[in-house]
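Asks: Can you keep this structure in mind? I'll have questions shortly.
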Amino acid sequence: MEQQHSNALINETSPYLLQHAYNPVNWMPWGDAAFEQAKTENKLVVVSIGYSACHWCHVMEHESFEDSSAAELMNTHYISVKVDREERPDVDQIYMTAVQLMTGSGGWPLNVVCLPDGRPVWGGTYFPKKNWMQALKGIWEMYQEEPEKVLEYAEKLTQGVSQAELVTANPEPPNFSKTDTETLFGNWQKNFDTQEGGPNRAPKFPLPNNYQFLLQWAALSGNEEALEHTILTLNKMAFGGIYDQVGGGFARYSTDEIWKAPHFEKMLYDNAQLLSLYSEAYQQTKNPLYGQIVAQTYQWLKREMSGPKGEFYSALDADSEGEEGKFYVWTEAKLQAVIPAQDWEAFSSYYDLKKGRWEHGNIILMRSEKPLKSAEWTTDTWESKAMEWNNLLLKKRSERIRPGLDDKALTSWNAQMIIGLLDAATLPKNIFSESEKSQERAIGCAQWILKNQLKNDGSLYHTYKAGHSSIDGLLEDYAHSIAAFVKLYEATGEISYLTHAKKWTVYVKANFQDVATSLFFMRNLNSKQLIAKSLEITDNVIPAANSVMAKNLFLLAKYLDEPAYEHQALDMLNQVNKERFLAYGDNYSNWAQLHNWFTYPFYEVAISGKEAEQIYGRFKKNYLPNIVWVYAEKETESPLLQNRFVQGETYIYVCQNKVCQLPVQKLDEALTLIKF
């Protein structure tokens with residue numbers, strides 16, 4: 001397409017918005033200017049929401065938004081607004097709720113028609129050009145002929161959105177027990193795919209937080225079925241096409257039940273959480289496969305997703321050269337041109353080329369669970385050969401035209417990556433050779449947040465691109481940043497990280513809190529409000545910001561000796577509808593982890609003295625949930641380490657609710673004191 005016409009998106013920094021800057025549609029960015037123009041011209045507003053790596057967003061752009069006839073219709077009768085859902089998840093949340101109320105489902109691209117004041121009147125997801133134009137023409141005609149009907153529907157729908165987004169305060173006192181989690185698991189288990197892992201349906205999303213909960217609960221309760229399902233799922237994902245066998249990193253989801261064919265976009269938030277999940281699974285099982293996944297994904301992040309100042313980019317597109325997955329798939333002939341002939345039989349077996357056959361003669365590489373047995377090839381031989389093959393394929397693949405990179409950096413997603421990198425750093429060097437560098441990268445990313453995303457008044461920006469920080473921080477930015485800096489304090493012993501976490505917590509309580517429920521709104525209450533206020537509580541591909549904040553408050557209560565924080569965390573958990581919590585555990589798995597903190601023994605482990613860091617590092621080679629850690633080699637301000645230093649000695653204090661057992665000096669002795 002000749003890129004002669006540009007619209008108002010040309011001045012934006014979002015890669016998704018810039019993708020649409022040369023559409024013949026007169027797009028405007030989200031903001032007052034668009035809605036003021038709509039009021040002046042008495043026009044309805046098209047709000048179209050997507051993200052840069054979204055395949056069907058590209059399809060609709062090509063079919064409709066690059067089409068002159070569709071553009072003429074939109075430009076004549078509507079004001080059109082493009083929104084990057086990653087830049088404005090608050091806007092996306094409101095209109096996604098509206099579309100779900102109207103149609104029963106949602107997704108992206110998300111397309112909504114609104115009144116000039118932003119209240120929605122119609123919406124859906126992807127539309128072919130013909131359907132899109134028919135719908136827009138019909139809505140415009142109705143608005144001209146029967147505006148009162150449109151206004152009446154908008155009023156009712158907006159009331160529905162407001163009610164759906166709010167939580168009614170629960171007057172009942174908290175009442176939680178271990179049997180709650182047993183009930184939750186029993187209901188959830190009915191939907192397990194016992195052959196392929198994950199849920200018994202397609203599409204399948206990784207949902208790392210679900211399996212982190214199952215790992216935690218299996219360790220606390222001894223439930224073997226929870227652990228077995230988690231191991232099955234992690235193995236199937238690691239061997240599947242959802243995982244980039246050549247380059248590392250996971251795609252957003254699998255379109256089928258066997259984790260074979262993904263939509264090929266790679267999102268930072270998925271891979272950040274999957275670093276944590278596979279690291280924790282390694283701690284629990286010592287399966288070297290999980291260490292390989294961590295190491296290879298780390299290399300991908302370092303190679304393809306790292307910015308110049310320590311930040312991480314947001315996503316890689318599903319498409320290249322206009323085709324979904326073209327960068328990642330192979331024909332058999334192209335594979336044979338790369339793999340040495342003498343290795344072909346072994347390679348074909350290791351990557352199960354028969355199972356990996358896809359559309360248009362292409363192959364999605366999937367690892368075989370049972371490659372051909374050979375008396376000459378040991379496990380080490382297979383691993384060595386696989387590394388050799390992958391290096392050859394990676395080098396060849398690098399010659400292809402790459403998928404688009406969304407090179408904006410989001411505070412919340414980078415905070416999640418800090419946690420993933422710190423969890424990866426707990427792996428032993430013989431499993432993950434760059435474990436120390438992983439922690440260094442986590443610290444570098446934290447410094448990027450402090451230098452670029454932190455304002456003078458202590459608040460945060462949400463997004464960053466090419467040296468420019470913008471958009472006021474949302475609850476998710478604070479929640480995940482607090483979680484990351486608490487984790488940094490645990491990993492490094494540097495009190496400054498804890499200080500930042502506390503300052504952000506104070507800020508969130510002052511600017512985001514709903515007094516009636518103790519929960520937090522998505523947007524700062526002092527900012528200009530949307531048509532409804534959102535209280536996000538359902539955990540999804542990213543845990544709800546409220547569940548993250550509740551866990552933050554629980555941990556900070558321990559670290560800072562602030563009992564009020566723990567009371568608020570309990571109150572927040574009590575706002576989650578218990579019937580839904582027990583019936584749909586996979587939608588509340590981060591809350592369920594907090595539930596386990598309250599119902600199973602929870603420990604504070606303080607290590608003081610000259611060998612404190614070394615002992616902490618040895619502790620972290622084990623999978624030990626329900627613990628806060630603090631270590632220091634000299635006197636510190638931490639309440640958990642007050643009066644616990646003996647000159648020249650190292651002591652380990654294992655405590656529960658500030659009541660400590662006699663200190664010990666050996667790791668094995670301390671481990672015997674931790675009993676769930």
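Chain identifiers are assigned as A, B, and so on, following the order in which chains appear in the structure tokens; residues are numbered from 1 within each chain, and ligands are numbered from 1 in order of appearance.
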Show me, as a PyMOL selection string, the residues that have an atom within 10 Å of A:Val59 when counting only C-alpha atoms, minus same-chain residues fewer than 5 positions from it.

Replies: chain A and resi 54+64-65+109+126-128+322

Asks: Which neighbours of A:Glu436 fall inside 10 Å, counting only C-alpha atoms, when residues of the same chain fewer than 2 positions from it are skipped, and could you give them as a list in words?

Replies: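 Final neighbour list, sorted by chain and number: Leu421, Leu422, Ala424, Ala425, Thr426, Leu427, Pro428, Lys429, Phe432, Ser433, Glu434, Ser438, Gln439, Glu440 and Arg441 of chain A.
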
Asks: Just write the chosen residues, N, CA and C atoms, as a PDB file, in the first residue's frame.

Replies:
```pdb
ATOM      1  N   LEU A 421      13.276 -13.577  36.354  1.00  0.00           N
ATOM      2  CA  LEU A 421      14.734 -13.658  36.325  1.00  0.00           C
ATOM      3  C   LEU A 421      15.306 -14.036  37.689  1.00  0.00           C
ATOM      4  N   LEU A 422      14.722 -13.518  38.748  1.00  0.00           N
ATOM      5  CA  LEU A 422      15.189 -13.864  40.099  1.00  0.00           C
ATOM      6  C   LEU A 422      14.900 -15.321  40.421  1.00  0.00           C
ATOM      7  N   ALA A 424      14.697 -17.706  38.161  1.00  0.00           N
ATOM      8  CA  ALA A 424      15.653 -18.459  37.338  1.00  0.00           C
ATOM      9  C   ALA A 424      17.031 -18.486  37.978  1.00  0.00           C
ATOM     10  N   ALA A 425      17.379 -17.408  38.667  1.00  0.00           N
ATOM     11  CA  ALA A 425      18.705 -17.308  39.293  1.00  0.00           C
ATOM     12  C   ALA A 425      18.904 -18.302  40.432  1.00  0.00           C
ATOM     13  N   THR A 426      17.825 -18.920  40.905  1.00  0.00           N
ATOM     14  CA  THR A 426      17.960 -19.915  41.988  1.00  0.00           C
ATOM     15  C   THR A 426      18.417 -21.271  41.464  1.00  0.00           C
ATOM     16  N   LEU A 427      18.402 -21.468  40.130  1.00  0.00           N
ATOM     17  CA  LEU A 427      18.812 -22.759  39.585  1.00  0.00           C
ATOM     18  C   LEU A 427      20.324 -22.931  39.705  1.00  0.00           C
ATOM     19  N   PRO A 428      20.781 -24.153  39.935  1.00  0.00           N
ATOM     20  CA  PRO A 428      22.235 -24.380  40.042  1.00  0.00           C
ATOM     21  C   PRO A 428      22.929 -24.141  38.711  1.00  0.00           C
ATOM     22  N   LYS A 429      24.216 -23.790  38.782  1.00  0.00           N
ATOM     23  CA  LYS A 429      24.961 -23.415  37.573  1.00  0.00           C
ATOM     24  C   LYS A 429      25.088 -24.558  36.575  1.00  0.00           C
ATOM     25  N   PHE A 432      21.734 -24.190  34.827  1.00  0.00           N
ATOM     26  CA  PHE A 432      21.552 -22.894  34.163  1.00  0.00           C
ATOM     27  C   PHE A 432      22.827 -22.100  34.385  1.00  0.00           C
ATOM     28  N   SER A 433      23.686 -22.115  33.391  1.00  0.00           N
ATOM     29  CA  SER A 433      25.039 -21.569  33.564  1.00  0.00           C
ATOM     30  C   SER A 433      25.049 -20.067  33.809  1.00  0.00           C
ATOM     31  N   GLU A 434      23.985 -19.374  33.406  1.00  0.00           N
ATOM     32  CA  GLU A 434      23.960 -17.912  33.559  1.00  0.00           C
ATOM     33  C   GLU A 434      23.050 -17.471  34.698  1.00  0.00           C
ATOM     34  N   SER A 438      21.446 -13.817  35.367  1.00  0.00           N
ATOM     35  CA  SER A 438      19.996 -13.634  35.401  1.00  0.00           C
ATOM     36  C   SER A 438      19.618 -12.670  36.521  1.00  0.00           C
ATOM     37  N   GLN A 439      20.243 -12.817  37.691  1.00  0.00           N
ATOM     38  CA  GLN A 439      19.964 -11.888  38.787  1.00  0.00           C
ATOM     39  C   GLN A 439      20.473 -10.493  38.450  1.00  0.00           C
ATOM     40  N   GLU A 440      21.614 -10.406  37.789  1.00  0.00           N
ATOM     41  CA  GLU A 440      22.140  -9.094  37.392  1.00  0.00           C
ATOM     42  C   GLU A 440      21.172  -8.392  36.441  1.00  0.00           C
ATOM     43  N   ARG A 441      20.579  -9.154  35.519  1.00  0.00           N
ATOM     44  CA  ARG A 441      19.607  -8.561  34.592  1.00  0.00           C
ATOM     45  C   ARG A 441      18.348  -8.104  35.321  1.00  0.00           C
TER      46      ARG A 441
END
```

Asks: Could you build a table of the residues in stretch 36-66 of chain A lying no more than 10 Å from stretch 260-282 of chain A, giving for each the nearest pair of atoms and their separation in Å rounded to one decimal place, using only C-alpha atoms, ordered by chain and ascending residue number, as a Markdown table?

Replies:
```
| residue | atom | partner | partner_atom | distance |
| --- | --- | --- | --- | --- |
| A:Ser52 | CA | A:Glu265 | CA | 9.4 |
| A:Ala53 | CA | A:Glu265 | CA | 5.6 |
| A:Cys54 | CA | A:Glu265 | CA | 7.2 |
| A:His55 | CA | A:His263 | CA | 7.5 |
| A:Trp56 | CA | A:His263 | CA | 10.0 |
```

Asks: Report as a ChimeraX atom specification: the residues of stretch 418-506 of chain A with a DSSP assignment of strand (DSSP E or B), based on the backbone of this structure.

Replies: /A:454,460-465,468-472

Asks: Stretch 473-483 of chain A: which residues within 6 Å, counting only C-alpha atoms, same-chain residues fewer than 4 positions away excluded, as number ranges by chain?

Replies: A: 411-412, 415, 460-462, 501, 522-523, 545, 548-549, 552

Asks: Check the smallest atom-to-atom distance from each of A:Gly291, A:Pro403, A:Gly361, A:Gly493 to A:Gln614 using only C-alpha atoms, then report the winner.

Replies: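 Closest to A:Gln614 of all the choices is A:Gly493.
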
Asks: Going by DSSP on the backbone, which residues of stretch 613-646 of chain A come out as helix (DSSP H, G or I)? List them as JSON, numbers by chain.

Replies: {"A": [613, 614, 615, 616, 617, 618, 619, 639, 640, 641]}

Asks: Would you mind exporting the chosen residues as a tab-separated table (two decimals), in the first residue's frame, restricted to N, CA and C atoms?

Replies:
```
chain	number	residue	atom	x	y	z
A	613	GLU	N	24.34	-14.98	53.15
A	613	GLU	CA	23.97	-15.04	51.73
A	613	GLU	C	24.18	-16.44	51.16
A	614	GLN	N	25.27	-17.08	51.55
A	614	GLN	CA	25.56	-18.42	51.06
A	614	GLN	C	24.48	-19.41	51.51
A	615	ILE	N	24.08	-19.33	52.77
A	615	ILE	CA	23.06	-20.25	53.28
A	615	ILE	C	21.71	-19.96	52.62
A	616	TYR	N	21.39	-18.69	52.43
A	616	TYR	CA	20.14	-18.36	51.71
A	616	TYR	C	20.15	-19.00	50.33
A	617	GLY	N	21.26	-18.89	49.61
A	617	GLY	CA	21.36	-19.47	48.28
A	617	GLY	C	21.15	-20.97	48.30
A	618	ARG	N	21.65	-21.64	49.32
A	618	ARG	CA	21.46	-23.10	49.43
A	618	ARG	C	20.01	-23.42	49.78
A	619	PHE	N	19.41	-22.61	50.62
A	619	PHE	CA	17.98	-22.78	50.94
A	619	PHE	C	17.14	-22.75	49.65
A	639	PRO	N	13.01	-5.47	60.68
A	639	PRO	CA	12.43	-5.96	61.95
A	639	PRO	C	12.68	-7.45	62.19
A	640	LEU	N	12.76	-8.23	61.13
A	640	LEU	CA	12.95	-9.68	61.30
A	640	LEU	C	14.37	-10.03	61.72
A	641	LEU	N	15.31	-9.06	61.64
A	641	LEU	CA	16.70	-9.34	62.00
A	641	LEU	C	17.16	-8.57	63.23
```

Asks: Which residues are near A:Leu535? Cut-off 7 Å, only C-alpha atoms, ignore same chain within fewer than 2 positions. Put them as a PyMOL selection string.

Replies: chain A and resi 165-167+520-522+533+537

Asks: Nearest to A:Glu345: which of A:Ser48, A:Lys658, A:Pro371, A:Thr13 is it, counting only C-alpha atoms?

Replies: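 Of all the options, A:Pro371 lies closest to A:Glu345.
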
Asks: Check the smallest atom-to-atom distance from each of A:Asn209, A:Asn540, A:Gln342, A:Ser496 to A:Gln447 using only C-alpha atoms, then report the winner.

Replies: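 Residue with the minimum atom-to-atom distance to A:Gln447: A:Ser496.
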
Asks: Which residue is closest to A:Ile401? Choose from A:Ser320, A:Gln656, A:Leu488, A:Ala569 and count only C-alpha atoms.

Replies: A:Ser320

Asks: A:Val294, A:Val541, A:Leu234, A:Leu405: which is nearest A:Asp317, counting only C-alpha atoms?

Replies: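 Smallest distance to A:Asp317 is found for A:Leu405.
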
Asks: Extract, using only C-alpha atoms, all DNA, RNA and protein residues at most 12 Å from A:Val506, discarding same-chain residues fewer than 3 positions from it, and format them as a list in words.

Replies: Gly458, Ser459, Tyr478, Ala479, Ile482, Thr499, His500, Ala501, Lys502, Lys503, Lys509, Ala510, Asn511, Phe512, Gln513, Met549, Asn552, Leu553, Leu556 and Tyr565 of chain A

Asks: Please save N, CA and C atoms of the selected residues as a PDB file, in the first residue's frame.

Replies:
```
ATOM      1  N   GLY A 458       6.988  10.220  43.269  1.00  0.00           N
ATOM      2  CA  GLY A 458       6.949   8.836  43.751  1.00  0.00           C
ATOM      3  C   GLY A 458       6.007   7.938  42.972  1.00  0.00           C
ATOM      4  N   SER A 459       5.212   8.508  42.068  1.00  0.00           N
ATOM      5  CA  SER A 459       4.294   7.691  41.265  1.00  0.00           C
ATOM      6  C   SER A 459       5.036   7.114  40.057  1.00  0.00           C
ATOM      7  N   TYR A 478       1.847  -0.665  39.842  1.00  0.00           N
ATOM      8  CA  TYR A 478       2.260  -0.613  41.246  1.00  0.00           C
ATOM      9  C   TYR A 478       2.288  -2.011  41.864  1.00  0.00           C
ATOM     10  N   ALA A 479       1.250  -2.796  41.606  1.00  0.00           N
ATOM     11  CA  ALA A 479       1.156  -4.121  42.223  1.00  0.00           C
ATOM     12  C   ALA A 479       2.349  -4.992  41.841  1.00  0.00           C
ATOM     13  N   ILE A 482       5.731  -3.537  43.205  1.00  0.00           N
ATOM     14  CA  ILE A 482       5.894  -3.847  44.636  1.00  0.00           C
ATOM     15  C   ILE A 482       6.335  -5.297  44.793  1.00  0.00           C
ATOM     16  N   THR A 499      12.228  -0.443  50.826  1.00  0.00           N
ATOM     17  CA  THR A 499      11.781   0.939  51.035  1.00  0.00           C
ATOM     18  C   THR A 499      10.923   1.416  49.873  1.00  0.00           C
ATOM     19  N   HIS A 500      11.356   1.136  48.650  1.00  0.00           N
ATOM     20  CA  HIS A 500      10.554   1.505  47.479  1.00  0.00           C
ATOM     21  C   HIS A 500       9.207   0.789  47.500  1.00  0.00           C
ATOM     22  N   ALA A 501       9.225  -0.498  47.834  1.00  0.00           N
ATOM     23  CA  ALA A 501       7.980  -1.267  47.863  1.00  0.00           C
ATOM     24  C   ALA A 501       6.999  -0.667  48.869  1.00  0.00           C
ATOM     25  N   LYS A 502       7.508  -0.245  50.007  1.00  0.00           N
ATOM     26  CA  LYS A 502       6.628   0.351  51.022  1.00  0.00           C
ATOM     27  C   LYS A 502       6.070   1.689  50.534  1.00  0.00           C
ATOM     28  N   LYS A 503       6.906   2.517  49.909  1.00  0.00           N
ATOM     29  CA  LYS A 503       6.442   3.824  49.426  1.00  0.00           C
ATOM     30  C   LYS A 503       5.319   3.654  48.397  1.00  0.00           C
ATOM     31  N   LYS A 509      -2.510   2.827  48.496  1.00  0.00           N
ATOM     32  CA  LYS A 509      -3.570   2.913  49.503  1.00  0.00           C
ATOM     33  C   LYS A 509      -4.203   4.299  49.504  1.00  0.00           C
ATOM     34  N   ALA A 510      -3.403   5.316  49.243  1.00  0.00           N
ATOM     35  CA  ALA A 510      -3.927   6.686  49.272  1.00  0.00           C
ATOM     36  C   ALA A 510      -4.686   7.050  48.001  1.00  0.00           C
ATOM     37  N   ASN A 511      -4.346   6.425  46.871  1.00  0.00           N
ATOM     38  CA  ASN A 511      -4.864   6.888  45.587  1.00  0.00           C
ATOM     39  C   ASN A 511      -5.729   5.898  44.819  1.00  0.00           C
ATOM     40  N   PHE A 512      -5.764   4.634  45.235  1.00  0.00           N
ATOM     41  CA  PHE A 512      -6.499   3.623  44.479  1.00  0.00           C
ATOM     42  C   PHE A 512      -7.536   2.866  45.308  1.00  0.00           C
ATOM     43  N   GLN A 513      -7.529   3.026  46.610  1.00  0.00           N
ATOM     44  CA  GLN A 513      -8.299   2.124  47.465  1.00  0.00           C
ATOM     45  C   GLN A 513      -9.796   2.431  47.487  1.00  0.00           C
ATOM     46  N   MET A 549      -1.796  -7.384  44.818  1.00  0.00           N
ATOM     47  CA  MET A 549      -1.681  -6.428  45.925  1.00  0.00           C
ATOM     48  C   MET A 549      -1.969  -7.090  47.270  1.00  0.00           C
ATOM     49  N   ASN A 552       1.048  -8.878  48.223  1.00  0.00           N
ATOM     50  CA  ASN A 552       2.056  -7.891  48.625  1.00  0.00           C
ATOM     51  C   ASN A 552       1.844  -7.441  50.067  1.00  0.00           C
ATOM     52  N   LEU A 553       0.611  -7.128  50.403  1.00  0.00           N
ATOM     53  CA  LEU A 553       0.304  -6.652  51.754  1.00  0.00           C
ATOM     54  C   LEU A 553       0.621  -7.719  52.794  1.00  0.00           C
ATOM     55  N   LEU A 556       4.492  -7.817  53.063  1.00  0.00           N
ATOM     56  CA  LEU A 556       5.016  -6.603  53.701  1.00  0.00           C
ATOM     57  C   LEU A 556       4.659  -6.551  55.180  1.00  0.00           C
ATOM     58  N   TYR A 565      -1.496  -4.418  57.507  1.00  0.00           N
ATOM     59  CA  TYR A 565      -1.397  -4.882  56.124  1.00  0.00           C
ATOM     60  C   TYR A 565      -1.932  -6.308  55.995  1.00  0.00           C
TER      61      TYR A 565
END
```

Asks: From the list A:Ile231, A:Ala333, A:Ile674, A:Ala218, which residue is nearest A:Ile652 when using only C-alpha atoms?

Replies: A:Ile674

Asks: What lies within 9 Å of stretch 92-108 of chain A using only C-alpha atoms, ignoring chain neighbours under 4 positions off, as a PyMOL selection string?

Replies: chain A and resi 47+49-51+54+56-57+83-86+88+112+120-126+157-158+160-162+164-165+530-534+536

Asks: For the selection just defined, write its residues with C-alpha atoms to a file, as an mmCIF file, in the first residue's frame.

Replies:
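Below you can see selection-v4.cif, which holds the result:
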```cif
data_model
loop_
_atom_site.group_PDB
_atom_site.id
_atom_site.type_symbol
_atom_site.label_atom_id
_atom_site.label_comp_id
_atom_site.auth_asym_id
_atom_site.auth_seq_id
_atom_site.Cartn_x
_atom_site.Cartn_y
_atom_site.Cartn_z
ATOM 1 C CA VAL A 47 -13.366 2.584 19.478
ATOM 2 C CA ILE A 49 -8.855 -1.947 20.466
ATOM 3 C CA GLY A 50 -6.041 -4.411 19.757
ATOM 4 C CA TYR A 51 -2.322 -5.005 20.193
ATOM 5 C CA CYS A 54 -2.556 -9.836 17.369
ATOM 6 C CA TRP A 56 -6.782 -11.160 13.720
ATOM 7 C CA CYS A 57 -6.148 -7.458 14.356
ATOM 8 C CA VAL A 83 -6.444 1.974 21.307
ATOM 9 C CA ASP A 84 -3.449 -0.203 22.182
ATOM 10 C CA ARG A 85 -4.880 -2.488 24.868
ATOM 11 C CA GLU A 86 -1.424 -2.882 26.396
ATOM 12 C CA ARG A 88 -4.627 1.289 28.051
ATOM 13 C CA VAL A 112 -17.204 -0.833 19.968
ATOM 14 C CA PRO A 120 -21.118 1.995 24.406
ATOM 15 C CA VAL A 121 -24.097 1.137 22.204
ATOM 16 C CA TRP A 122 -22.827 -1.783 20.107
ATOM 17 C CA GLY A 123 -19.761 -3.989 19.820
ATOM 18 C CA GLY A 124 -18.043 -7.218 18.903
ATOM 19 C CA THR A 125 -14.655 -8.608 17.930
ATOM 20 C CA TYR A 126 -13.462 -9.452 14.412
ATOM 21 C CA LEU A 157 -25.599 -1.027 29.029
ATOM 22 C CA THR A 158 -23.422 1.441 30.925
ATOM 23 C CA GLY A 160 -24.613 -3.048 33.430
ATOM 24 C CA VAL A 161 -20.914 -2.365 32.918
ATOM 25 C CA SER A 162 -20.742 -0.365 36.159
ATOM 26 C CA ALA A 164 -20.230 -5.823 36.556
ATOM 27 C CA GLU A 165 -17.056 -3.914 37.394
ATOM 28 C CA LEU A 530 -13.880 6.509 32.501
ATOM 29 C CA ILE A 531 -17.588 5.631 32.158
ATOM 30 C CA ALA A 532 -17.216 3.079 34.985
ATOM 31 C CA LYS A 533 -14.729 2.249 37.732
ATOM 32 C CA SER A 534 -13.067 -1.149 37.541
ATOM 33 C CA GLU A 536 -10.432 -6.322 38.777
#
```

Asks: Show me, as a list in words, the residues that have an atom within 8 Å of A:Thr183 when counting only C-alpha atoms, minus same-chain residues fewer than 4 positions from it.

Replies: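 Once the adjacent positions are removed, what remains is Thr179, Asn187 and Leu582 of chain A.
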
Asks: Write the residues of the selection above to a file with C-alpha atoms, as a compact mmCIF listing (two decimals), in the first residue's frame.

Replies:
```
# COMPACT_ATOMS: atom_id res chain seq x y z
CA THR A 179 -11.01 -27.94 53.20
CA ASN A 187 -14.05 -29.06 41.23
CA LEU A 582 -14.55 -22.87 45.10
```
